[in-house]
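The file start.csv contains CSV, C-alpha atoms:
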```csv
chain,number,residue,atom,x,y,z
A,1,MET,CA,-16.8,-19.0,-31.9
A,2,LYS,CA,-13.3,-17.8,-31.0
A,3,THR,CA,-10.4,-20.1,-31.1
A,4,ALA,CA,-6.9,-20.1,-29.6
A,5,GLU,CA,-5.6,-18.9,-33.0
A,6,HIS,CA,-7.9,-15.8,-32.9
A,7,PRO,CA,-5.5,-12.8,-32.9
A,8,ILE,CA,-5.6,-10.5,-29.9
A,9,TYR,CA,-3.1,-8.0,-31.2
A,10,ASN,CA,-5.6,-6.1,-33.4
A,11,TRP,CA,-6.8,-2.5,-33.8
A,12,PRO,CA,-9.8,-2.7,-31.3
A,13,PHE,CA,-7.6,-4.2,-28.6
A,14,ALA,CA,-4.9,-1.5,-29.2
A,15,LEU,CA,-7.6,1.3,-28.9
A,16,VAL,CA,-9.0,0.0,-25.7
A,17,CYS,CA,-5.5,-0.3,-24.2
A,18,LEU,CA,-4.6,3.3,-25.3
A,19,SER,CA,-7.9,4.7,-23.9
A,20,SER,CA,-7.2,3.0,-20.6
A,21,LEU,CA,-3.6,4.4,-20.5
A,22,PHE,CA,-4.9,8.0,-20.8
A,23,PHE,CA,-7.7,7.3,-18.3
A,24,SER,CA,-5.4,5.8,-15.7
A,25,ALA,CA,-2.9,8.7,-16.1
A,26,SER,CA,-5.7,11.2,-15.7
A,27,PHE,CA,-6.7,10.4,-12.2
A,28,ASN,CA,-3.5,8.9,-11.0
A,29,MET,CA,-1.5,12.0,-11.7
A,30,LEU,CA,-3.4,13.8,-8.9
A,31,ILE,CA,-2.7,11.3,-6.1
A,32,PRO,CA,0.8,12.3,-4.9
A,33,GLU,CA,-0.2,16.0,-4.7
A,34,LEU,CA,-3.6,15.8,-3.1
A,35,PRO,CA,-2.5,15.2,0.6
A,36,ALA,CA,-0.5,18.4,0.6
A,37,TYR,CA,-3.2,20.3,-1.3
A,38,LEU,CA,-5.8,19.2,1.2
A,39,SER,CA,-3.5,20.4,4.0
A,40,SER,CA,-3.2,23.8,2.3
A,41,LEU,CA,-7.0,24.1,2.3
A,42,GLY,CA,-7.0,23.4,6.1
A,43,GLY,CA,-8.1,19.8,6.0
A,44,ALA,CA,-5.0,17.9,7.0
A,45,GLU,CA,-7.0,15.7,9.4
A,46,TYR,CA,-9.1,14.4,6.5
A,47,LYS,CA,-6.2,12.9,4.4
A,48,GLY,CA,-7.6,9.4,4.9
A,49,LEU,CA,-10.8,10.5,3.1
A,50,ILE,CA,-8.9,11.4,-0.1
A,51,ILE,CA,-8.9,7.8,-1.3
A,52,ALA,CA,-11.7,6.5,0.9
A,53,LEU,CA,-14.3,8.8,-0.6
A,54,PHE,CA,-13.1,8.1,-4.1
A,55,THR,CA,-13.4,4.4,-3.6
A,56,LEU,CA,-16.7,4.7,-1.8
A,57,THR,CA,-18.6,6.0,-4.9
A,58,ALA,CA,-16.5,3.7,-7.1
A,59,GLY,CA,-17.8,0.7,-5.1
A,60,ILE,CA,-21.4,2.0,-4.9
A,61,SER,CA,-21.5,2.5,-8.7
A,62,ARG,CA,-20.2,-0.9,-9.6
A,63,PRO,CA,-23.6,-2.7,-9.5
A,64,PHE,CA,-25.0,0.0,-11.8
A,65,SER,CA,-22.0,-0.1,-14.2
A,66,GLY,CA,-22.1,-3.9,-14.3
A,67,LYS,CA,-25.8,-4.0,-15.2
A,68,LEU,CA,-25.4,-1.2,-17.8
A,69,THR,CA,-22.4,-2.9,-19.3
A,70,ASP,CA,-24.5,-6.0,-19.9
A,71,SER,CA,-27.5,-4.1,-21.2
A,72,ILE,CA,-26.7,-0.8,-23.1
A,73,GLY,CA,-23.1,-1.8,-24.1
A,74,ARG,CA,-19.5,-1.6,-23.1
A,75,ILE,CA,-18.5,1.6,-24.8
A,76,PRO,CA,-21.2,3.9,-23.4
A,77,VAL,CA,-20.2,2.8,-19.9
A,78,MET,CA,-16.5,3.4,-20.6
A,79,ALA,CA,-17.3,6.9,-21.9
A,80,VAL,CA,-19.2,7.8,-18.7
A,81,GLY,CA,-16.2,6.9,-16.6
A,82,SER,CA,-13.8,9.1,-18.7
A,83,LEU,CA,-16.3,11.9,-18.8
A,84,VAL,CA,-16.4,12.1,-15.0
A,85,CYS,CA,-12.6,12.5,-14.9
A,86,PHE,CA,-12.9,15.3,-17.5
A,87,VAL,CA,-15.5,17.3,-15.6
A,88,CYS,CA,-13.8,16.9,-12.2
A,89,GLY,CA,-10.5,18.2,-13.4
A,90,PHE,CA,-12.2,21.5,-14.2
A,91,LEU,CA,-14.1,21.7,-10.9
A,92,TYR,CA,-11.1,21.2,-8.5
A,93,PRO,CA,-9.8,24.8,-9.0
A,94,ILE,CA,-13.3,26.1,-8.5
A,95,LEU,CA,-14.4,24.2,-5.3
A,96,THR,CA,-11.5,25.3,-3.1
A,97,SER,CA,-13.0,24.7,0.3
A,98,VAL,CA,-12.4,21.5,2.3
A,99,ALA,CA,-16.0,20.5,1.9
A,100,GLY,CA,-16.0,21.2,-1.8
A,101,PHE,CA,-12.8,19.2,-2.3
A,102,LEU,CA,-14.2,16.2,-0.4
A,103,LEU,CA,-17.4,16.4,-2.4
A,104,LEU,CA,-15.4,16.3,-5.6
A,105,ARG,CA,-13.4,13.2,-4.4
A,106,LEU,CA,-16.8,11.6,-3.9
A,107,VAL,CA,-18.0,12.4,-7.4
A,108,HIS,CA,-14.6,11.6,-9.0
A,109,GLY,CA,-14.9,8.0,-7.8
A,110,PHE,CA,-17.7,7.3,-10.2
A,111,SER,CA,-15.0,7.3,-13.0
A,112,THR,CA,-13.3,4.1,-11.8
A,113,GLY,CA,-16.7,2.7,-10.9
A,114,PHE,CA,-17.7,2.7,-14.6
A,115,LYS,CA,-14.7,2.5,-17.0
A,116,PRO,CA,-12.7,-0.4,-15.7
A,117,THR,CA,-15.8,-2.6,-15.3
A,118,ALA,CA,-16.9,-2.1,-18.9
A,119,THR,CA,-13.3,-2.3,-20.2
A,120,ALA,CA,-12.7,-5.7,-18.6
A,121,ALA,CA,-15.9,-7.0,-20.2
A,122,TYR,CA,-14.9,-5.5,-23.6
A,123,VAL,CA,-11.4,-7.2,-23.5
A,124,ALA,CA,-13.0,-10.5,-22.6
A,125,ASP,CA,-15.3,-10.1,-25.6
A,126,LEU,CA,-12.4,-9.6,-28.0
A,127,VAL,CA,-10.2,-12.4,-26.8
A,128,PRO,CA,-10.5,-16.2,-26.8
A,129,VAL,CA,-10.8,-17.9,-23.4
A,130,SER,CA,-7.4,-19.6,-23.7
A,131,ARG,CA,-5.7,-16.2,-23.8
A,132,TRP,CA,-7.6,-14.2,-21.3
A,133,GLY,CA,-4.7,-14.1,-18.9
A,134,GLU,CA,-2.3,-12.8,-21.6
A,135,ALA,CA,-4.8,-10.2,-22.7
A,136,MET,CA,-5.5,-9.0,-19.2
A,137,GLY,CA,-1.8,-8.8,-18.6
A,138,ILE,CA,-1.2,-6.6,-21.7
A,139,HIS,CA,-4.2,-4.4,-21.0
A,140,GLY,CA,-3.0,-4.1,-17.4
A,141,LEU,CA,0.4,-3.1,-18.7
A,142,CYS,CA,-1.1,-0.2,-20.5
A,143,PHE,CA,-3.3,0.8,-17.5
A,144,SER,CA,-0.2,0.6,-15.3
A,145,THR,CA,1.8,2.7,-17.7
A,146,GLY,CA,-0.7,5.4,-16.9
A,147,MET,CA,-0.2,4.8,-13.2
A,148,ALA,CA,3.5,5.1,-13.7
A,149,ILE,CA,3.8,8.2,-15.8
A,150,GLY,CA,0.8,10.0,-14.2
A,151,PRO,CA,2.1,10.6,-10.7
A,152,ALA,CA,5.6,11.5,-11.9
A,153,ILE,CA,4.2,14.0,-14.5
A,154,GLY,CA,1.7,15.3,-12.0
A,155,SER,CA,4.4,16.2,-9.4
A,156,ALA,CA,6.6,17.7,-12.1
A,157,ILE,CA,3.7,19.9,-13.3
A,158,VAL,CA,3.2,21.2,-9.8
A,159,GLN,CA,6.9,21.9,-9.3
A,160,VAL,CA,7.1,23.9,-12.5
A,161,TYR,CA,3.7,25.4,-12.8
A,162,SER,CA,0.9,24.9,-10.2
A,163,ILE,CA,-1.7,22.5,-8.9
A,164,GLN,CA,-4.4,24.2,-11.0
A,165,VAL,CA,-2.4,23.4,-14.2
A,166,LEU,CA,-2.2,19.8,-12.9
A,167,PHE,CA,-6.0,19.6,-12.6
A,168,TYR,CA,-6.5,20.9,-16.2
A,169,ALA,CA,-3.9,18.4,-17.5
A,170,SER,CA,-5.9,15.7,-15.8
A,171,SER,CA,-9.0,16.8,-17.7
A,172,LEU,CA,-7.1,16.8,-21.0
A,173,LEU,CA,-6.0,13.2,-20.7
A,174,ALA,CA,-9.5,12.2,-19.8
A,175,LEU,CA,-10.7,13.9,-23.0
A,176,LEU,CA,-8.2,12.0,-25.1
A,177,SER,CA,-9.5,8.8,-23.5
A,178,ILE,CA,-13.1,9.7,-24.6
A,179,VAL,CA,-12.0,10.6,-28.2
A,180,ILE,CA,-10.5,7.2,-28.6
A,181,LEU,CA,-13.7,5.5,-27.5
A,182,TYR,CA,-15.6,7.0,-30.4
A,183,ASN,CA,-13.4,5.0,-32.9
A,184,MET,CA,-14.3,1.7,-31.2
A,185,LYS,CA,-16.9,-0.9,-32.2
A,186,GLU,CA,-19.4,-2.1,-29.7
A,187,THR,CA,-19.0,-5.9,-28.8
A,188,LEU,CA,-22.2,-6.5,-26.9
A,189,PRO,CA,-24.4,-8.5,-29.3
A,190,ASP,CA,-27.9,-7.5,-28.1
A,191,LYS,CA,-27.3,-3.9,-27.1
A,192,GLN,CA,-30.4,-2.1,-25.7
A,193,ARG,CA,-31.4,1.5,-25.7
A,194,PHE,CA,-30.9,3.2,-22.4
A,195,HIS,CA,-34.0,3.2,-20.2
A,196,ILE,CA,-34.4,4.5,-16.6
A,197,GLN,CA,-35.2,0.9,-15.6
A,198,HIS,CA,-31.6,0.0,-16.3
A,199,LEU,CA,-30.7,2.1,-13.2
A,200,LYS,CA,-33.0,0.0,-11.0
A,201,VAL,CA,-30.7,-2.4,-9.2
A,202,GLY,CA,-32.1,-5.2,-7.2
A,203,ARG,CA,-30.5,-7.4,-4.5
A,204,ASN,CA,-29.5,-10.0,-7.2
A,205,ASP,CA,-27.8,-7.3,-9.3
A,206,ILE,CA,-25.2,-6.3,-6.7
A,207,ILE,CA,-23.0,-9.4,-6.2
A,208,GLU,CA,-22.1,-12.3,-8.5
A,209,TRP,CA,-21.5,-15.0,-5.9
A,210,LYS,CA,-19.8,-17.3,-8.4
A,211,VAL,CA,-16.7,-15.0,-8.3
A,212,PHE,CA,-16.7,-14.6,-4.5
A,213,PRO,CA,-13.2,-16.3,-4.1
A,214,ALA,CA,-11.6,-13.8,-6.5
A,215,ALA,CA,-13.5,-10.9,-4.8
A,216,LEU,CA,-12.3,-12.0,-1.3
A,217,VAL,CA,-8.6,-12.3,-2.3
A,218,THR,CA,-8.9,-8.9,-4.1
A,219,LEU,CA,-10.4,-7.3,-0.9
A,220,LEU,CA,-7.6,-8.6,1.3
A,221,SER,CA,-4.8,-7.8,-1.0
A,222,TYR,CA,-5.9,-4.2,-1.9
A,223,LEU,CA,-6.2,-3.1,1.7
A,224,SER,CA,-2.4,-2.5,1.6
A,225,TYR,CA,-2.8,-0.4,-1.5
A,226,GLY,CA,-5.2,2.0,0.2
A,227,ALA,CA,-2.7,2.4,3.0
A,228,ILE,CA,0.2,3.0,0.6
A,229,LEU,CA,-1.8,5.7,-1.3
A,230,THR,CA,-2.4,7.5,2.0
A,231,LEU,CA,0.9,7.1,3.7
A,232,VAL,CA,3.7,7.0,1.0
A,233,PRO,CA,3.5,10.7,0.0
A,234,ASP,CA,4.2,11.8,3.5
A,235,TRP,CA,6.6,9.0,4.3
A,236,GLY,CA,8.6,9.6,1.1
A,237,ASP,CA,8.9,13.3,1.9
A,238,HIS,CA,10.1,12.4,5.4
A,239,ILE,CA,12.9,10.2,4.2
A,240,GLY,CA,14.0,12.6,1.5
A,241,ILE,CA,12.2,11.8,-1.8
A,242,LYS,CA,11.1,15.2,-3.1
A,243,ASN,CA,9.1,14.1,-6.2
A,244,LYS,CA,6.2,12.3,-4.6
A,245,GLY,CA,5.5,10.4,-7.8
A,246,VAL,CA,8.8,8.5,-7.7
A,247,PHE,CA,7.5,5.7,-5.6
A,248,PHE,CA,4.5,5.2,-7.8
A,249,MET,CA,6.6,5.3,-10.9
A,250,VAL,CA,9.1,2.7,-9.6
A,251,PHE,CA,6.4,0.3,-8.4
A,252,THR,CA,4.5,0.6,-11.7
A,253,ILE,CA,7.5,0.1,-13.9
A,254,ALA,CA,8.3,-3.1,-11.9
A,255,SER,CA,4.7,-4.1,-12.4
A,256,LEU,CA,5.0,-3.5,-16.2
A,257,LEU,CA,8.0,-5.9,-16.4
A,258,VAL,CA,6.1,-8.9,-15.1
A,259,ARG,CA,2.4,-8.4,-16.1
A,260,PHE,CA,2.6,-9.9,-19.6
A,261,ILE,CA,4.6,-12.9,-18.3
A,262,ALA,CA,2.4,-13.4,-15.3
A,263,GLY,CA,-0.8,-13.2,-17.4
A,264,LYS,CA,0.5,-15.8,-19.9
A,265,LEU,CA,1.8,-18.0,-17.0
A,266,SER,CA,-1.7,-18.0,-15.5
A,267,ASP,CA,-3.1,-19.3,-18.8
A,268,ARG,CA,-0.7,-22.2,-18.7
A,269,ARG,CA,-0.1,-23.1,-15.0
A,270,GLY,CA,-3.4,-22.0,-13.5
A,271,ARG,CA,-4.7,-18.8,-11.9
A,272,GLU,CA,-4.5,-19.9,-8.3
A,273,THR,CA,-0.8,-21.0,-8.5
A,274,VAL,CA,0.2,-17.6,-9.9
A,275,ILE,CA,-2.0,-15.7,-7.4
A,276,ARG,CA,-0.4,-17.5,-4.4
A,277,GLY,CA,3.0,-16.4,-5.6
A,278,GLY,CA,1.9,-12.8,-6.0
A,279,LEU,CA,0.5,-12.7,-2.5
A,280,ILE,CA,3.7,-13.9,-1.0
A,281,MET,CA,5.6,-11.2,-2.9
A,282,LEU,CA,3.1,-8.7,-1.7
A,283,VAL,CA,3.9,-9.6,2.0
A,284,ILE,CA,7.6,-9.4,1.3
A,285,SER,CA,7.2,-5.9,-0.2
A,286,LEU,CA,5.3,-4.6,2.9
A,287,LEU,CA,7.9,-6.0,5.3
A,288,VAL,CA,10.7,-4.4,3.4
A,289,MET,CA,9.0,-1.0,3.5
A,290,ALA,CA,8.3,-1.4,7.2
A,291,TYR,CA,11.7,-2.6,8.3
A,292,TRP,CA,14.1,-0.8,6.0
A,293,GLN,CA,13.2,2.8,6.9
A,294,SER,CA,15.2,4.8,4.3
A,295,THR,CA,15.0,5.9,0.7
A,296,GLU,CA,16.6,2.7,-0.4
A,297,GLY,CA,14.2,0.6,1.6
A,298,LEU,CA,11.1,2.4,0.3
A,299,LEU,CA,12.3,2.1,-3.4
A,300,ALA,CA,13.2,-1.6,-2.8
A,301,GLY,CA,9.7,-2.1,-1.4
A,302,ALA,CA,8.3,-0.3,-4.4
A,303,VAL,CA,10.0,-2.7,-6.7
A,304,CYS,CA,8.7,-5.8,-4.8
A,305,TYR,CA,5.2,-4.3,-4.5
A,306,GLY,CA,5.2,-3.6,-8.3
A,307,ILE,CA,6.2,-7.2,-9.0
A,308,ALA,CA,3.5,-8.4,-6.7
A,309,THR,CA,0.7,-6.3,-8.3
A,310,GLY,CA,2.0,-7.2,-11.8
A,311,ILE,CA,1.5,-10.9,-10.9
A,312,LEU,CA,-1.8,-10.5,-9.1
A,313,SER,CA,-3.8,-8.1,-11.4
A,314,PRO,CA,-4.0,-10.1,-14.6
A,315,ALA,CA,-4.4,-13.4,-12.8
A,316,ILE,CA,-7.2,-12.2,-10.6
A,317,ASN,CA,-9.0,-10.5,-13.5
A,318,ALA,CA,-8.8,-13.6,-15.7
A,319,TRP,CA,-9.8,-15.8,-12.7
A,320,THR,CA,-12.9,-13.7,-12.3
A,321,VAL,CA,-13.8,-14.0,-15.9
A,322,ASP,CA,-13.2,-17.8,-15.7
A,323,MET,CA,-15.7,-18.2,-13.0
A,324,SER,CA,-18.4,-16.0,-14.6
A,325,ASP,CA,-21.2,-16.7,-17.1
A,326,LYS,CA,-20.7,-15.0,-20.5
A,327,ASP,CA,-23.9,-13.0,-20.2
A,328,ARG,CA,-23.0,-11.8,-16.7
A,329,ARG,CA,-19.4,-10.7,-17.2
A,330,GLY,CA,-20.2,-7.1,-16.4
A,331,LYS,CA,-21.8,-8.1,-13.1
A,332,ALA,CA,-18.9,-10.4,-12.4
A,333,MET,CA,-16.2,-7.8,-13.0
A,334,ALA,CA,-18.3,-5.3,-11.0
A,335,THR,CA,-18.3,-7.7,-8.1
A,336,MET,CA,-14.5,-8.0,-8.2
A,337,TYR,CA,-14.1,-4.3,-8.5
A,338,ILE,CA,-16.4,-3.6,-5.6
A,339,ALA,CA,-14.1,-5.7,-3.5
A,340,LEU,CA,-11.1,-3.8,-4.9
A,341,GLU,CA,-12.6,-0.4,-4.1
A,342,ALA,CA,-13.7,-1.7,-0.7
A,343,GLY,CA,-10.1,-2.9,0.0
A,344,ILE,CA,-8.5,0.4,-1.1
A,345,GLY,CA,-11.1,2.5,0.7
A,346,LEU,CA,-10.9,0.6,4.0
A,347,GLY,CA,-7.1,0.6,3.8
A,348,ALA,CA,-7.0,4.3,3.3
A,349,LEU,CA,-9.5,5.1,5.9
A,350,ILE,CA,-7.9,2.9,8.6
A,351,ALA,CA,-4.4,4.2,7.7
A,352,GLY,CA,-5.5,7.8,7.8
A,353,THR,CA,-7.4,7.4,11.0
A,354,VAL,CA,-4.4,5.7,12.8
A,355,TYR,CA,-1.7,7.8,11.2
A,356,GLN,CA,-2.9,11.3,12.2
A,357,ASP,CA,0.4,12.8,11.0
A,358,HIS,CA,2.5,10.7,13.5
A,359,LEU,CA,5.3,9.4,11.2
A,360,THR,CA,6.4,6.7,13.7
A,361,ARG,CA,3.1,4.9,13.2
A,362,ILE,CA,3.7,4.4,9.4
A,363,PRO,CA,6.0,1.3,9.7
A,364,TRP,CA,3.5,-0.4,12.0
A,365,LEU,CA,0.7,0.2,9.5
A,366,PHE,CA,2.8,-1.5,6.9
A,367,TYR,CA,3.4,-4.5,9.2
A,368,SER,CA,-0.4,-4.6,9.8
A,369,ALA,CA,-1.1,-4.6,6.1
A,370,ALA,CA,1.3,-7.5,5.6
A,371,GLY,CA,-0.6,-9.5,8.3
A,372,ILE,CA,-3.9,-8.9,6.5
A,373,THR,CA,-2.4,-10.1,3.2
A,374,LEU,CA,-1.3,-13.3,5.0
A,375,ILE,CA,-4.9,-14.1,5.6
A,376,ALA,CA,-5.4,-14.2,1.8
A,377,ILE,CA,-2.5,-16.5,1.5
A,378,VAL,CA,-3.9,-18.9,4.1
A,379,TYR,CA,-7.3,-18.8,2.2
A,380,MET,CA,-5.6,-19.7,-1.1
A,381,TYR,CA,-3.8,-22.6,0.4
A,382,TRP,CA,-7.0,-23.8,2.0
A,383,ARG,CA,-8.7,-23.7,-1.4
A,384,ARG,CA,-5.9,-25.8,-2.9
A,385,LYS,CA,-6.1,-28.3,-0.1
A,386,ASN,CA,-9.8,-28.7,-0.5
A,387,ALA,CA,-10.0,-28.6,-4.3
A,388,GLY,CA,-7.0,-30.8,-4.9
A,389,THR,CA,-6.3,-29.2,-8.3
A,390,ASP,CA,-5.3,-25.8,-9.7
A,391,SER,CA,-7.5,-25.2,-12.7
A,392,ARG,CA,-8.8,-22.2,-14.6
A,393,SER,CA,-12.3,-23.5,-13.9
```

Would you mind giving the structure from this file in structure tokens?
Amino acid sequence: MKTAEHPIYNWPFALVCLSSLFFSASFNMLIPELPAYLSSLGGAEYKGLIIALFTLTAGISRPFSGKLTDSIGRIPVMAVGSLVCFVCGFLYPILTSVAGFLLLRLVHGFSTGFKPTATAAYVADLVPVSRWGEAMGIHGLCFSTGMAIGPAIGSAIVQVYSIQVLFYASSLLALLSIVILYNMKETLPDKQRFHIQHLKVGRNDIIEWKVFPAALVTLLSYLSYGAILTLVPDWGDHIGIKNKGVFFMVFTIASLLVRFIAGKLSDRRGRETVIRGGLIMLVISLLVMAYWQSTEGLLAGAVCYGIATGILSPAINAWTVDMSDKDRRGKAMATMYIALEAGIGLGALIAGTVYQDHLTRIPWLFYSAAGITLIAIVYMYWRRKNAGTDSRS
């Protein structure tokens, strides 16, 4: 039985964090360059599908990855996610039609449908309950480091070399993520051999209703991220930011600065208190980007958005684990991630459909995203009023 004194800064934890860093950088380094690349293929009107298709398969695969995580083990499921990134990086330069590109985005989404689900369960296995928030914060810091360096490096590669080199670099980072996994020890006590029956998902395998509150807040808060992924590359170029990865680097660095503190704070003060603060900061960031239409405004919004996500991510992850049963952690994390992918996908699809290359619509889409986030804030205050306390359950 783990105790509060059980160390979390150990070799297995370091390896899973490093693997996540490479995995995150692998697929995030593509994001800033994909809208322009799709336009060059003749598919400018499909920009909203770049993220929407990716998140569609990520969401669809969550029930499968959650069930497999709880049956065949955490590490095999993590390996599948990284392997998908590795293969897709080599296929982008080959499938150069609009249809081929969109098909690859659909397939690529399986990567985030598998690896983060199993990783979250693996981290929860390693760490005592009293330090889940802190551990999720540290792991999130590593994942976010990949999000920060990936887009900036990706845009730099395209500027110096070509988009094809970028795709191969993405595959290389995914390969490094896989190599690290082979040096890690499985944490699932009763690991089973894979059987085709493990892919049979029933109605009760899709959603873990115990974690519905965390899933709902995740859905509402990540709609804005889908819009940002779709709109910021074009908006940044419009206001004079040439490296399309700068916004993502700034917001991720800001996120890194608060993740560890926020995760630890959620262990001490309660998940819901911290989450409410993160949601308020998220609304502020979107209002700043919508109202202050300049390079300074976009970067200031990036800083605020990074602080918001740095607060929300470890607290929501730990909150999800708090509400789940130990033998259903994979399913619980899958439920939360289904909501995350649904939020990102819907946000991207709606933003892309409304945007249609009309730059004047972008600020109003940011205002709309802020309004949706307000719904999450109202829900969290309603929970506090009805519960009367703010516990980690």

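By chain and then residue number, the residues within 9 Å of Val246 of chain A are A:Ala148, A:Pro151, A:Ala152, A:Gly236, A:Ile241, A:Phe251, A:Leu299, counting only C-alpha atoms and disregarding those fewer than 5 positions away in sequence.
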
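Shell of segment 72-81 of chain A at 7 Å, with only C-alpha atoms counted and residues fewer than 6 places along the chain excluded, is Ser65, Phe110, Ser111, Thr112, Phe114, Lys115, Ala118, Thr119, Tyr122, Ile178, Leu181, Glu186, Leu188, Lys191, Gln192, Arg193 and Phe194 of chain A.
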
Practice item. Excluding segment 220-230 of chain A and any residue of its chain fewer than 6 positions from it, enumerate the residues within 10 Å of it, using only C-alpha atoms, and give them as a VMD selection string. Key: chain A and resid 31 to 32 34 to 35 47 to 52 55 247 to 248 278 to 279 282 to 283 286 305 309 312 339 to 352 355 362 365 to 377

**Study point:** Residues within 7 Å of Pro12 of chain A, only C-alpha atoms, excluding chain neighbours under 3 positions, as a list in words
**Key:** Leu15, Val16 and Met184 of chain A

Pull C-alpha atoms from the residues just selected and write them as a CSV table (one decimal), in the coordinates of the input.
```csv
chain,number,residue,atom,x,y,z
A,15,LEU,CA,-7.6,1.3,-28.9
A,16,VAL,CA,-9.0,0.0,-25.7
A,184,MET,CA,-14.3,1.7,-31.2
```

Review point. Within 10 Å of (-20.0, -9.6, -19.2), in the coordinates the file gives, what residues turn up when you count only C-alpha atoms, written out as an NGL selection string?
Key: :A and (66-67 or 69-71 or 73-74 or 117-125 or 188 or 321 or 324-334)

**Study point:** Neighbour list for segment 26-29 of chain A as a ChimeraX atom specification, cut-off 6 Å, all atoms listed in the file, skip fewer than 2 positions in-chain
**Key:** /A:23-24,31,147,150-151,154,170,173-174

For the residues in that selection, give me C-alpha atoms as a compact mmCIF listing (two decimals), in the coordinates of the input.
```txt
# COMPACT_ATOMS: atom_id res chain seq x y z
CA PHE A 23 -7.70 7.30 -18.30
CA SER A 24 -5.40 5.80 -15.70
CA ILE A 31 -2.70 11.30 -6.10
CA MET A 147 -0.20 4.80 -13.20
CA GLY A 150 0.80 10.00 -14.20
CA PRO A 151 2.10 10.60 -10.70
CA GLY A 154 1.70 15.30 -12.00
CA SER A 170 -5.90 15.70 -15.80
CA LEU A 173 -6.00 13.20 -20.70
CA ALA A 174 -9.50 12.20 -19.80
```

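Straight-line separation from atom CA of Cys88 of chain A to atom CA of Gln159 of chain A: 21.5 Å.
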
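Here atom CA of Met336 of chain A is placed at a distance of 22.2 Å from atom CA of Ile261 of chain A.
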
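Using only C-alpha atoms, the nearest neighbour of Val288 of chain A within the list A:Gly240, A:Gly270, A:Pro363, A:Gly310 is A:Pro363.
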